[in-house]
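Report on the following structure.
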Amino acid sequence: MRKFDITIVGLGPAGGTLSNLLAMHGLSILILDREKSFYPLPRAVHFDDEVMRVFQTIGITKEFLKYTIINKGTKFVNSKEKVILDWPRPKKITDNGWYPSYRFHQPDLEKQLRKKLKNYEKVLIEQNSEVRKITNSKNHVDITYTNTRNHKEYYVRSKYLVGCDGANSITRKQMKTKMDNLGFTQKWTVVDLILKKKKNNLPDRTIQYSNPKQPATYCRNVGKRRRWEFAIKKNQSDIKVLSENYIWNFLKPWLNKSDAIIERKTIYQFESAIARKWRKGRIFIAGDAAHLMPPFMGQGMCAGIRDASNLAWKIATCLKVKHNEAFLNTYQTERSLNVREYIETTMRMGEFVNAVESTPITDNIRSDNKGIKSMQSIKPKMGKGLGYLKDKNRGKIFPQFKLNKNTSLDDNFSKKGILILSSDLKTKVSKKYNLVNSKKIKKLSVYLKNINAKAILVRPDRFILGSANTNHEINLLLKKYSEILR
Ligand SMILES: Cc1cc2nc3c(=O)[nH]c(=O)nc-3n(C[C@H](O)[C@H](O)[C@H](O)COP(=O)(O)OP(=O)(O)OC[C@H]3O[C@@H](n4cnc5c(N)ncnc54)[C@H](O)[C@@H]3O)c2cc1C
């Protein structure tokens, strides 16, 4: 029987990102996907700065940037096209070292992720391979899959398995865990178009049409691509709504047939749900397999990338040191709280677009003195897990510090954690950590001062594990996490 360190089920954005992050550790990885190639229907068009930083870790940003544009933000308008809520995305580099928000075409990202995976000798991708059965044992996972072309059955064994197998995840079913429905279920049509000529009347911002008669969304995508999404009413037939006649009639206020071609069109059931268990023994779920949200904030895929970033170094550590149940449990506790907040805020946005609520009441919406409402992007907290909750710096994202034009402190860690120490503290430091003396980087000393810490321990996924102000505190932190941050 063939044996691997890890099997990844599903090569969408979550599986592609996770495989790349794990491959960086030199692990042997089998990736199984039942499709012949990429998923052909319209999906993600937006991602954020935190996600771009994960792509930077993988090493695809240089090439991938060419296929992205900076997102200018979203306007919510009422049936008279009056702006009722503004969500600007300032063109300003964030702590993550990237712009707050980008637009892209999902297949372009998936191509880059696959291209990068080809550089790793120990990564094997098998398309046309449908996973049928997954059995968890104390020390390994057994997998049965079928080749969808010749219908032959194959058996493989790996030390861990991650199901990145999307909304109808077989992995989740085999784990016998259920999805909790959080309440938003609605059918929408999604139409991707390619412009044949310049259309200056089409805005650069995303527009959410909060119109009870026809809730809809317009997206300005990369190059000549534009997208419209619109809600389907209960009594409407799918076939009729997807017909060219119906679509061109809907598009009349903006486009006619001579302006653009329809690239792809489909109907989705937008849902909001979260799995109860994200791990069973050596089996995990990530991405849409673990959570679903409507696309109003463009965060579904982003959440899957965050899962991958949280989980990759934990599995790699368990493979290199030893299997550690409590450590692996922190994957779900840290991630699920964060994703739940995205789902709940997205649902409120969805209700607003449906004009069910007059204005969503969330902490991230403010009114100015003229009564114009504007929204800020949310940055939900990481749930409890590693580190001490009473430590105010624990779970904060560690900013990306540029060392010069071409290098940043991020280049020094991704497999190991880093310990940042100001010269005031003395501790015996093992070679396990990348050690950085804050005195050597001025911006870093200022940062430590601002967060009121003399030392911080940063995880490979760029979150702060803990901070300290005395030799005793830092020694305690290092002792507690000596096996984990290596
Ligand atoms: C209209 C729309 C717009 C969206 N816009 C955004 C956006 O702007 N930003 C954003 O962040 N998100 C957005 N999303 C959400 C985003 O597209 C998904 O969250 C993302 O694609 C999920 O990625 P994934 O890797 O978890 O799963 P998927 O992309 O679904 O990949 C799952 C993979 O698993 C494979 N698979 C399934 N079962 C098996 C099996 N038994 N054996 C082997 N392989 C299997 C499938 O073939 C597939 O390749 C949008 C979604 C929709 C529908």
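By order of appearance in the structure tokens: chains A, B, ..., then residues from 1 within every chain, and ligands from 1 in the order shown.
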
Hey, could you make a per-residue contact list for chain A against ligand 1 with 6 Å as the cut-off, showing the nearest pair of atoms and its distance in Å to one decimal, counting only C-alpha atoms and all ligand atoms, sorted by chain and number, as CSV?
residue,atom,partner,partner_atom_place_in_ligand_line,distance
A:Val9,CA,ligand 1,43 (C),5.3
A:Gly10,CA,ligand 1,34 (O),3.2
A:Leu11,CA,ligand 1,49 (O),4.7
A:Gly12,CA,ligand 1,25 (O),3.6
A:Pro13,CA,ligand 1,25 (O),4.1
A:Ala14,CA,ligand 1,25 (O),3.7
A:Gly15,CA,ligand 1,25 (O),5.3
A:Leu32,CA,ligand 1,43 (C),5.3
A:Asp33,CA,ligand 1,44 (N),3.5
A:Arg34,CA,ligand 1,44 (N),4.1
A:Glu35,CA,ligand 1,47 (O),4.7
A:Pro42,CA,ligand 1,1 (C),5.9
A:Arg43,CA,ligand 1,2 (C),4.0
A:Ala44,CA,ligand 1,6 (C),3.2
A:Val45,CA,ligand 1,8 (O),3.9
A:His46,CA,ligand 1,8 (O),3.7
A:Phe47,CA,ligand 1,11 (O),5.3
A:Ser129,CA,ligand 1,43 (C),5.6
A:Glu130,CA,ligand 1,42 (N),3.6
A:Val131,CA,ligand 1,42 (N),3.9
A:Cys164,CA,ligand 1,26 (O),5.3
A:Asp165,CA,ligand 1,34 (O),3.3
A:Gly166,CA,ligand 1,30 (O),3.7
A:Ser169,CA,ligand 1,38 (N),5.6
A:Ile170,CA,ligand 1,41 (N),5.2
A:Val190,CA,ligand 1,1 (C),5.9
A:Gly287,CA,ligand 1,26 (O),3.5
A:Asp288,CA,ligand 1,26 (O),3.9
A:Ala289,CA,ligand 1,26 (O),6.0
A:Pro295,CA,ligand 1,4 (C),4.7
A:Gly298,CA,ligand 1,9 (N),3.4
A:Gln299,CA,ligand 1,11 (O),3.7
A:Gly300,CA,ligand 1,12 (N),3.8
A:Met301,CA,ligand 1,11 (O),3.4
A:Cys302,CA,ligand 1,11 (O),4.1
A:Gly304,CA,ligand 1,26 (O),5.5

Test item, strand (DSSP E) assignment across range 199-445 of chain A, answer as a PyMOL selection string: chain A and resi 206-209+216-220+225-231+260-275+279-280+283-285+291-292+365-367+373-375+418-421+434-437

Take the residues from that selection and write them out as an mmCIF file, in the first residue's frame, keeping C-alpha atoms.
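The result, stored in part_26.cif:
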data_model
loop_
_atom_site.group_PDB
_atom_site.id
_atom_site.type_symbol
_atom_site.label_atom_id
_atom_site.label_comp_id
_atom_site.auth_asym_id
_atom_site.auth_seq_id
_atom_site.Cartn_x
_atom_site.Cartn_y
_atom_site.Cartn_z
ATOM 1 C CA THR A 206 -19.038 46.884 -6.269
ATOM 2 C CA ILE A 207 -22.697 47.920 -6.064
ATOM 3 C CA GLN A 208 -25.182 46.152 -3.824
ATOM 4 C CA TYR A 209 -28.708 46.938 -5.014
ATOM 5 C CA ALA A 216 -28.803 42.329 -6.885
ATOM 6 C CA THR A 217 -25.020 42.778 -6.895
ATOM 7 C CA TYR A 218 -22.668 44.201 -9.530
ATOM 8 C CA CYS A 219 -18.924 43.439 -9.393
ATOM 9 C CA ARG A 220 -16.159 45.163 -11.313
ATOM 10 C CA ARG A 225 -14.757 40.779 -16.715
ATOM 11 C CA ARG A 226 -17.913 42.018 -14.979
ATOM 12 C CA ARG A 227 -20.391 40.093 -12.803
ATOM 13 C CA TRP A 228 -24.056 40.483 -11.896
ATOM 14 C CA GLU A 229 -25.816 38.420 -9.244
ATOM 15 C CA PHE A 230 -29.534 38.600 -8.552
ATOM 16 C CA ALA A 231 -31.920 36.933 -6.108
ATOM 17 C CA ALA A 260 -20.598 41.851 -23.839
ATOM 18 C CA ILE A 261 -20.657 38.069 -23.999
ATOM 19 C CA ILE A 262 -21.960 35.840 -21.250
ATOM 20 C CA GLU A 263 -18.972 33.783 -20.119
ATOM 21 C CA ARG A 264 -20.688 31.608 -17.515
ATOM 22 C CA LYS A 265 -23.980 31.579 -15.634
ATOM 23 C CA THR A 266 -25.380 29.446 -12.865
ATOM 24 C CA ILE A 267 -27.736 29.319 -9.890
ATOM 25 C CA TYR A 268 -26.438 28.948 -6.347
ATOM 26 C CA GLN A 269 -28.186 28.310 -3.091
ATOM 27 C CA PHE A 270 -26.395 30.766 -0.755
ATOM 28 C CA GLU A 271 -26.132 29.243 2.706
ATOM 29 C CA SER A 272 -24.760 30.010 6.139
ATOM 30 C CA ALA A 273 -23.590 27.042 8.161
ATOM 31 C CA ILE A 274 -20.743 25.794 10.303
ATOM 32 C CA ALA A 275 -19.647 22.236 11.075
ATOM 33 C CA ARG A 279 -11.398 17.167 13.548
ATOM 34 C CA LYS A 280 -11.833 13.525 14.313
ATOM 35 C CA ILE A 283 -8.922 13.606 10.025
ATOM 36 C CA PHE A 284 -9.685 17.342 9.585
ATOM 37 C CA ILE A 285 -11.959 19.504 7.461
ATOM 38 C CA HIS A 291 -18.223 26.463 6.906
ATOM 39 C CA LEU A 292 -20.469 28.181 4.360
ATOM 40 C CA ILE A 365 -21.091 50.684 10.802
ATOM 41 C CA ARG A 366 -20.834 54.384 11.710
ATOM 42 C CA SER A 367 -22.869 57.479 10.738
ATOM 43 C CA LYS A 373 -23.480 55.583 6.990
ATOM 44 C CA SER A 374 -20.175 53.920 6.298
ATOM 45 C CA MET A 375 -18.846 50.516 7.070
ATOM 46 C CA ILE A 418 10.138 33.848 15.740
ATOM 47 C CA LEU A 419 11.112 35.235 19.063
ATOM 48 C CA ILE A 420 11.494 38.994 19.118
ATOM 49 C CA LEU A 421 13.498 40.154 22.055
ATOM 50 C CA ASN A 434 14.415 32.463 14.653
ATOM 51 C CA LEU A 435 15.682 35.095 17.040
ATOM 52 C CA VAL A 436 15.350 38.760 16.196
ATOM 53 C CA ASN A 437 16.778 41.525 18.332
#

Residues flagged alpha helix (DSSP H) by DSSP in range 295-435 of chain A, as JSON, numbers by chain: {"A": [300, 301, 302, 303, 304, 305, 306, 307, 308, 309, 310, 311, 312, 313, 314, 315, 316, 317, 318, 319, 320, 325, 326, 327, 328, 329, 330, 331, 332, 333, 334, 335, 336, 337, 338, 339, 340, 341, 342, 343, 344, 345, 346, 347, 348, 349, 350, 351, 352, 353]}

Take the residues that were just selected and, keeping N, CA and C atoms, output them as a CSV table (one decimal), in the first residue's frame.
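For reference, part17.csv as written:
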chain,number,residue,atom,x,y,z
A,300,GLY,N,-15.8,33.9,1.9
A,300,GLY,CA,-15.9,32.4,2.0
A,300,GLY,C,-14.6,31.8,1.7
A,301,MET,N,-14.0,32.1,0.6
A,301,MET,CA,-12.7,31.5,0.3
A,301,MET,C,-11.6,32.0,1.2
A,302,CYS,N,-11.7,33.3,1.5
A,302,CYS,CA,-10.7,33.8,2.5
A,302,CYS,C,-10.7,33.0,3.8
A,303,ALA,N,-11.9,32.7,4.3
A,303,ALA,CA,-11.9,31.9,5.5
A,303,ALA,C,-11.2,30.5,5.3
A,304,GLY,N,-11.4,29.9,4.2
A,304,GLY,CA,-10.7,28.6,3.9
A,304,GLY,C,-9.2,28.8,3.9
A,305,ILE,N,-8.7,29.9,3.4
A,305,ILE,CA,-7.2,30.2,3.3
A,305,ILE,C,-6.7,30.4,4.7
A,306,ARG,N,-7.5,31.1,5.6
A,306,ARG,CA,-7.1,31.3,7.0
A,306,ARG,C,-7.1,29.9,7.7
A,307,ASP,N,-8.0,29.0,7.4
A,307,ASP,CA,-8.0,27.7,8.0
A,307,ASP,C,-6.7,27.0,7.6
A,308,ALA,N,-6.3,27.1,6.3
A,308,ALA,CA,-5.1,26.4,5.9
A,308,ALA,C,-3.9,26.9,6.6
A,309,SER,N,-3.9,28.2,6.7
A,309,SER,CA,-2.7,28.8,7.4
A,309,SER,C,-2.6,28.4,8.8
A,310,ASN,N,-3.7,28.3,9.5
A,310,ASN,CA,-3.7,27.9,10.9
A,310,ASN,C,-3.4,26.5,11.1
A,311,LEU,N,-3.8,25.6,10.2
A,311,LEU,CA,-3.7,24.2,10.3
A,311,LEU,C,-2.3,23.6,9.8
A,312,ALA,N,-1.8,24.2,8.8
A,312,ALA,CA,-0.6,23.7,8.1
A,312,ALA,C,0.6,23.5,9.1
A,313,TRP,N,1.0,24.5,9.8
A,313,TRP,CA,2.1,24.4,10.7
A,313,TRP,C,1.9,23.5,11.9
A,314,LYS,N,0.6,23.3,12.3
A,314,LYS,CA,0.2,22.5,13.4
A,314,LYS,C,0.4,21.0,13.0
A,315,ILE,N,-0.1,20.7,11.8
A,315,ILE,CA,0.1,19.3,11.3
A,315,ILE,C,1.6,19.0,11.1
A,316,ALA,N,2.3,20.0,10.5
A,316,ALA,CA,3.7,19.8,10.2
A,316,ALA,C,4.5,19.5,11.5
A,317,THR,N,4.1,20.3,12.6
A,317,THR,CA,4.8,20.1,13.9
A,317,THR,C,4.5,18.7,14.4
A,318,CYS,N,3.2,18.3,14.3
A,318,CYS,CA,2.9,16.9,14.8
A,318,CYS,C,3.7,15.8,14.1
A,319,LEU,N,3.9,16.1,12.8
A,319,LEU,CA,4.6,15.1,12.0
A,319,LEU,C,6.1,15.1,12.4
A,320,LYS,N,6.6,16.2,12.7
A,320,LYS,CA,8.1,16.3,13.0
A,320,LYS,C,8.4,16.0,14.5
A,325,GLU,N,-2.8,15.8,20.7
A,325,GLU,CA,-4.2,16.0,20.6
A,325,GLU,C,-4.7,17.5,21.0
A,326,ALA,N,-4.1,17.9,22.2
A,326,ALA,CA,-4.6,19.2,22.7
A,326,ALA,C,-4.1,20.3,21.7
A,327,PHE,N,-3.0,20.2,21.2
A,327,PHE,CA,-2.4,21.2,20.2
A,327,PHE,C,-3.3,21.2,18.9
A,328,LEU,N,-3.7,20.0,18.4
A,328,LEU,CA,-4.5,19.9,17.2
A,328,LEU,C,-5.9,20.5,17.4
A,329,ASN,N,-6.4,20.3,18.7
A,329,ASN,CA,-7.7,20.8,19.0
A,329,ASN,C,-7.8,22.3,18.9
A,330,THR,N,-6.7,23.0,19.0
A,330,THR,CA,-6.7,24.5,18.9
A,330,THR,C,-7.1,25.0,17.5
A,331,TYR,N,-7.0,24.1,16.5
A,331,TYR,CA,-7.3,24.5,15.1
A,331,TYR,C,-8.8,24.9,15.1
A,332,GLN,N,-9.7,24.1,15.6
A,332,GLN,CA,-11.1,24.5,15.6
A,332,GLN,C,-11.4,25.6,16.5
A,333,THR,N,-10.9,25.5,17.8
A,333,THR,CA,-11.3,26.6,18.7
A,333,THR,C,-10.8,28.0,18.3
A,334,GLU,N,-9.6,28.0,17.6
A,334,GLU,CA,-9.1,29.3,17.2
A,334,GLU,C,-9.8,29.8,15.9
A,335,ARG,N,-10.1,28.9,15.0
A,335,ARG,CA,-10.7,29.3,13.7
A,335,ARG,C,-12.2,29.5,13.8
A,336,SER,N,-13.0,28.7,14.5
A,336,SER,CA,-14.4,28.7,14.4
A,336,SER,C,-15.0,30.0,14.9
A,337,LEU,N,-14.5,30.6,15.9
A,337,LEU,CA,-15.0,31.9,16.4
A,337,LEU,C,-14.9,33.0,15.4
A,338,ASN,N,-13.7,33.0,14.8
A,338,ASN,CA,-13.4,34.0,13.7
A,338,ASN,C,-14.3,33.8,12.5
A,339,VAL,N,-14.5,32.6,12.1
A,339,VAL,CA,-15.3,32.4,10.9
A,339,VAL,C,-16.8,32.7,11.2
A,340,ARG,N,-17.2,32.4,12.4
A,340,ARG,CA,-18.6,32.6,12.8
A,340,ARG,C,-18.9,34.1,12.7
A,341,GLU,N,-18.0,34.9,13.1
A,341,GLU,CA,-18.3,36.4,13.0
A,341,GLU,C,-18.4,36.9,11.6
A,342,TYR,N,-17.6,36.3,10.7
A,342,TYR,CA,-17.7,36.6,9.3
A,342,TYR,C,-19.1,36.2,8.8
A,343,ILE,N,-19.5,35.0,9.1
A,343,ILE,CA,-20.7,34.4,8.6
A,343,ILE,C,-21.9,35.3,9.1
A,344,GLU,N,-21.9,35.7,10.4
A,344,GLU,CA,-23.0,36.5,11.0
A,344,GLU,C,-23.0,37.9,10.3
A,345,THR,N,-21.9,38.5,10.2
A,345,THR,CA,-21.9,39.8,9.6
A,345,THR,C,-22.3,39.7,8.1
A,346,THR,N,-21.9,38.7,7.4
A,346,THR,CA,-22.3,38.5,6.0
A,346,THR,C,-23.8,38.3,5.9
A,347,MET,N,-24.3,37.6,6.8
A,347,MET,CA,-25.8,37.4,6.8
A,347,MET,C,-26.5,38.7,7.0
A,348,ARG,N,-26.0,39.6,7.9
A,348,ARG,CA,-26.7,40.9,8.0
A,348,ARG,C,-26.6,41.7,6.8
A,349,MET,N,-25.4,41.6,6.1
A,349,MET,CA,-25.3,42.3,4.8
A,349,MET,C,-26.3,41.8,3.8
A,350,GLY,N,-26.5,40.4,3.8
A,350,GLY,CA,-27.4,39.8,2.9
A,350,GLY,C,-28.8,40.3,3.2
A,351,GLU,N,-29.2,40.4,4.5
A,351,GLU,CA,-30.5,40.8,4.8
A,351,GLU,C,-30.7,42.3,4.3
A,352,PHE,N,-29.7,43.0,4.4
A,352,PHE,CA,-29.7,44.4,4.0
A,352,PHE,C,-29.9,44.5,2.5
A,353,VAL,N,-29.2,43.7,1.8
A,353,VAL,CA,-29.3,43.7,0.3
A,353,VAL,C,-30.7,43.3,-0.1

Among the residues A:Lys443, A:Lys426, A:Lys479, A:Arg276, the one that comes closest to Asn181 in chain A [using only C-alpha atoms]: A:Arg276

Contact residues around range 103-120 of chain A with only C-alpha atoms at 10 Å, ignoring same-chain residues under 4 positions, as an NGL selection string: :A and (11-21 or 23-24 or 26-29 or 37-48 or 55 or 58-61 or 63-72 or 124-125 or 219-223 or 225 or 298 or 301)

Dump of C-alpha atoms for the selected residues, as a tab-separated table (two decimals), in the first residue's frame:
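And here's part_36.tsv as it stands now:
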chain	number	residue	atom	x	y	z
A	11	LEU	CA	-7.76	20.85	-4.87
A	12	GLY	CA	-9.82	24.06	-4.66
A	13	PRO	CA	-8.34	27.20	-3.07
A	14	ALA	CA	-8.30	25.72	0.46
A	15	GLY	CA	-6.68	22.43	-0.64
A	16	GLY	CA	-4.23	24.20	-2.98
A	17	THR	CA	-3.11	26.63	-0.26
A	18	LEU	CA	-2.84	23.98	2.45
A	19	SER	CA	-0.86	21.63	0.17
A	20	ASN	CA	1.59	24.42	-0.67
A	21	LEU	CA	2.08	25.38	2.98
A	23	ALA	CA	4.93	21.07	0.98
A	24	MET	CA	7.26	23.82	2.24
A	26	GLY	CA	9.26	18.79	2.85
A	27	LEU	CA	6.37	16.43	3.63
A	28	SER	CA	5.01	13.77	1.29
A	29	ILE	CA	1.53	14.76	0.15
A	37	SER	CA	-9.52	20.17	-13.99
A	38	PHE	CA	-10.66	23.44	-12.38
A	39	TYR	CA	-14.19	24.04	-11.14
A	40	PRO	CA	-15.86	25.62	-14.18
A	41	LEU	CA	-18.54	27.83	-12.57
A	42	PRO	CA	-18.34	31.46	-11.36
A	43	ARG	CA	-17.14	31.82	-7.80
A	44	ALA	CA	-14.74	33.97	-5.74
A	45	VAL	CA	-13.71	37.38	-7.10
A	46	HIS	CA	-12.39	39.08	-3.96
A	47	PHE	CA	-9.80	38.45	-1.25
A	48	ASP	CA	-8.08	40.53	1.42
A	55	PHE	CA	0.02	33.72	-0.83
A	58	ILE	CA	3.67	30.26	-0.52
A	59	GLY	CA	5.66	32.33	-3.01
A	60	ILE	CA	3.06	33.04	-5.70
A	61	THR	CA	2.43	36.78	-5.30
A	63	GLU	CA	3.22	36.14	-10.69
A	64	PHE	CA	-0.33	36.22	-9.29
A	65	LEU	CA	-0.37	40.02	-8.75
A	66	LYS	CA	-0.53	40.44	-12.55
A	67	TYR	CA	-3.96	38.83	-12.47
A	68	THR	CA	-5.40	41.05	-9.73
A	69	ILE	CA	-6.65	44.62	-9.34
A	70	ILE	CA	-7.00	46.66	-6.15
A	71	ASN	CA	-10.61	46.72	-5.00
A	72	LYS	CA	-12.02	50.20	-4.44
A	124	LEU	CA	1.54	13.93	-6.00
A	125	ILE	CA	-1.66	15.30	-7.59
A	219	CYS	CA	-18.92	43.44	-9.39
A	220	ARG	CA	-16.16	45.16	-11.31
A	221	ASN	CA	-13.77	42.30	-11.91
A	222	VAL	CA	-10.29	42.07	-13.45
A	223	GLY	CA	-9.78	43.26	-17.06
A	225	ARG	CA	-14.76	40.78	-16.72
A	298	GLY	CA	-16.38	38.09	-0.40
A	301	MET	CA	-12.71	31.46	0.26

Atom-to-atom span, CA of Pro100 in chain A and CA of Met297 in chain A, Å: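 Calculated distance between CA of Pro100 in chain A and CA of Met297 in chain A is 13.0 Å.
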
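Shortest separation to Ile247 in chain A among A:Arg394, A:Phe296, A:Val191, A:Lys213 occurs at residue A:Val191, atoms counted being only C-alpha atoms.
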
Report as a short mmCIF file (atom, residue, chain, number, x, y, z; two decimals) with N, CA and C atoms, in the first residue's frame all protein, DNA and RNA residues lying within 12 Å of Ile93 in chain A, evaluated on only C-alpha atoms, omitting residues in the same chain fewer than 4 positions from it.
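Output file part00.cif follows:
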data_model
loop_
_atom_site.label_atom_id
_atom_site.label_comp_id
_atom_site.auth_asym_id
_atom_site.auth_seq_id
_atom_site.Cartn_x
_atom_site.Cartn_y
_atom_site.Cartn_z
N ASP A 48 -8.60 39.39 0.66
CA ASP A 48 -8.08 40.53 1.42
C ASP A 48 -6.58 40.43 1.69
N ASP A 49 -6.08 41.42 2.43
CA ASP A 49 -4.65 41.56 2.72
C ASP A 49 -4.05 40.38 3.48
N GLU A 50 -4.83 39.85 4.42
CA GLU A 50 -4.33 38.74 5.23
C GLU A 50 -4.11 37.50 4.37
N MET A 52 -3.58 37.63 1.06
CA MET A 52 -2.45 37.88 0.16
C MET A 52 -1.13 37.56 0.86
N ARG A 53 -1.09 37.79 2.17
CA ARG A 53 0.14 37.50 2.91
C ARG A 53 0.40 35.99 2.96
N ILE A 70 -6.66 46.22 -7.52
CA ILE A 70 -7.00 46.66 -6.15
C ILE A 70 -8.49 47.00 -6.13
N ARG A 89 -12.64 50.95 0.52
CA ARG A 89 -11.42 50.19 0.81
C ARG A 89 -10.24 51.10 0.46
N GLY A 97 1.00 44.27 5.08
CA GLY A 97 1.96 44.59 4.02
C GLY A 97 1.35 44.58 2.63
N TRP A 98 0.03 44.56 2.55
CA TRP A 98 -0.66 44.54 1.24
C TRP A 98 -1.84 45.48 1.28
N TYR A 99 -2.47 45.71 0.11
CA TYR A 99 -3.68 46.54 0.09
C TYR A 99 -4.81 45.77 0.78
N PRO A 100 -5.82 46.52 1.30
CA PRO A 100 -6.85 45.83 2.09
C PRO A 100 -7.66 44.82 1.29
N SER A 101 -7.77 45.02 -0.02
CA SER A 101 -8.72 44.19 -0.74
C SER A 101 -8.40 44.14 -2.24
N TYR A 102 -8.49 42.96 -2.80
CA TYR A 102 -8.16 42.74 -4.22
C TYR A 102 -9.30 42.04 -4.93
N PRO A 399 2.48 42.47 12.47
CA PRO A 399 2.61 43.22 11.21
C PRO A 399 3.79 42.73 10.37
N GLN A 400 3.70 43.02 9.09
CA GLN A 400 4.83 42.67 8.21
C GLN A 400 5.80 43.86 8.20
N PHE A 401 7.03 43.62 8.61
CA PHE A 401 8.03 44.69 8.64
C PHE A 401 8.95 44.56 7.45
N LYS A 402 8.99 45.60 6.64
CA LYS A 402 9.91 45.63 5.50
C LYS A 402 11.31 45.93 6.01
#

Proximity to Phe76 in chain A - best of A:Ile372, A:Lys440, A:Arg282, A:Glu153, only C-alpha atoms: A:Ile372

Distance of CA of Ser445 in chain A from CA of Glu473 in chain A, expressed in Å to one decimal place: 18.7 Å
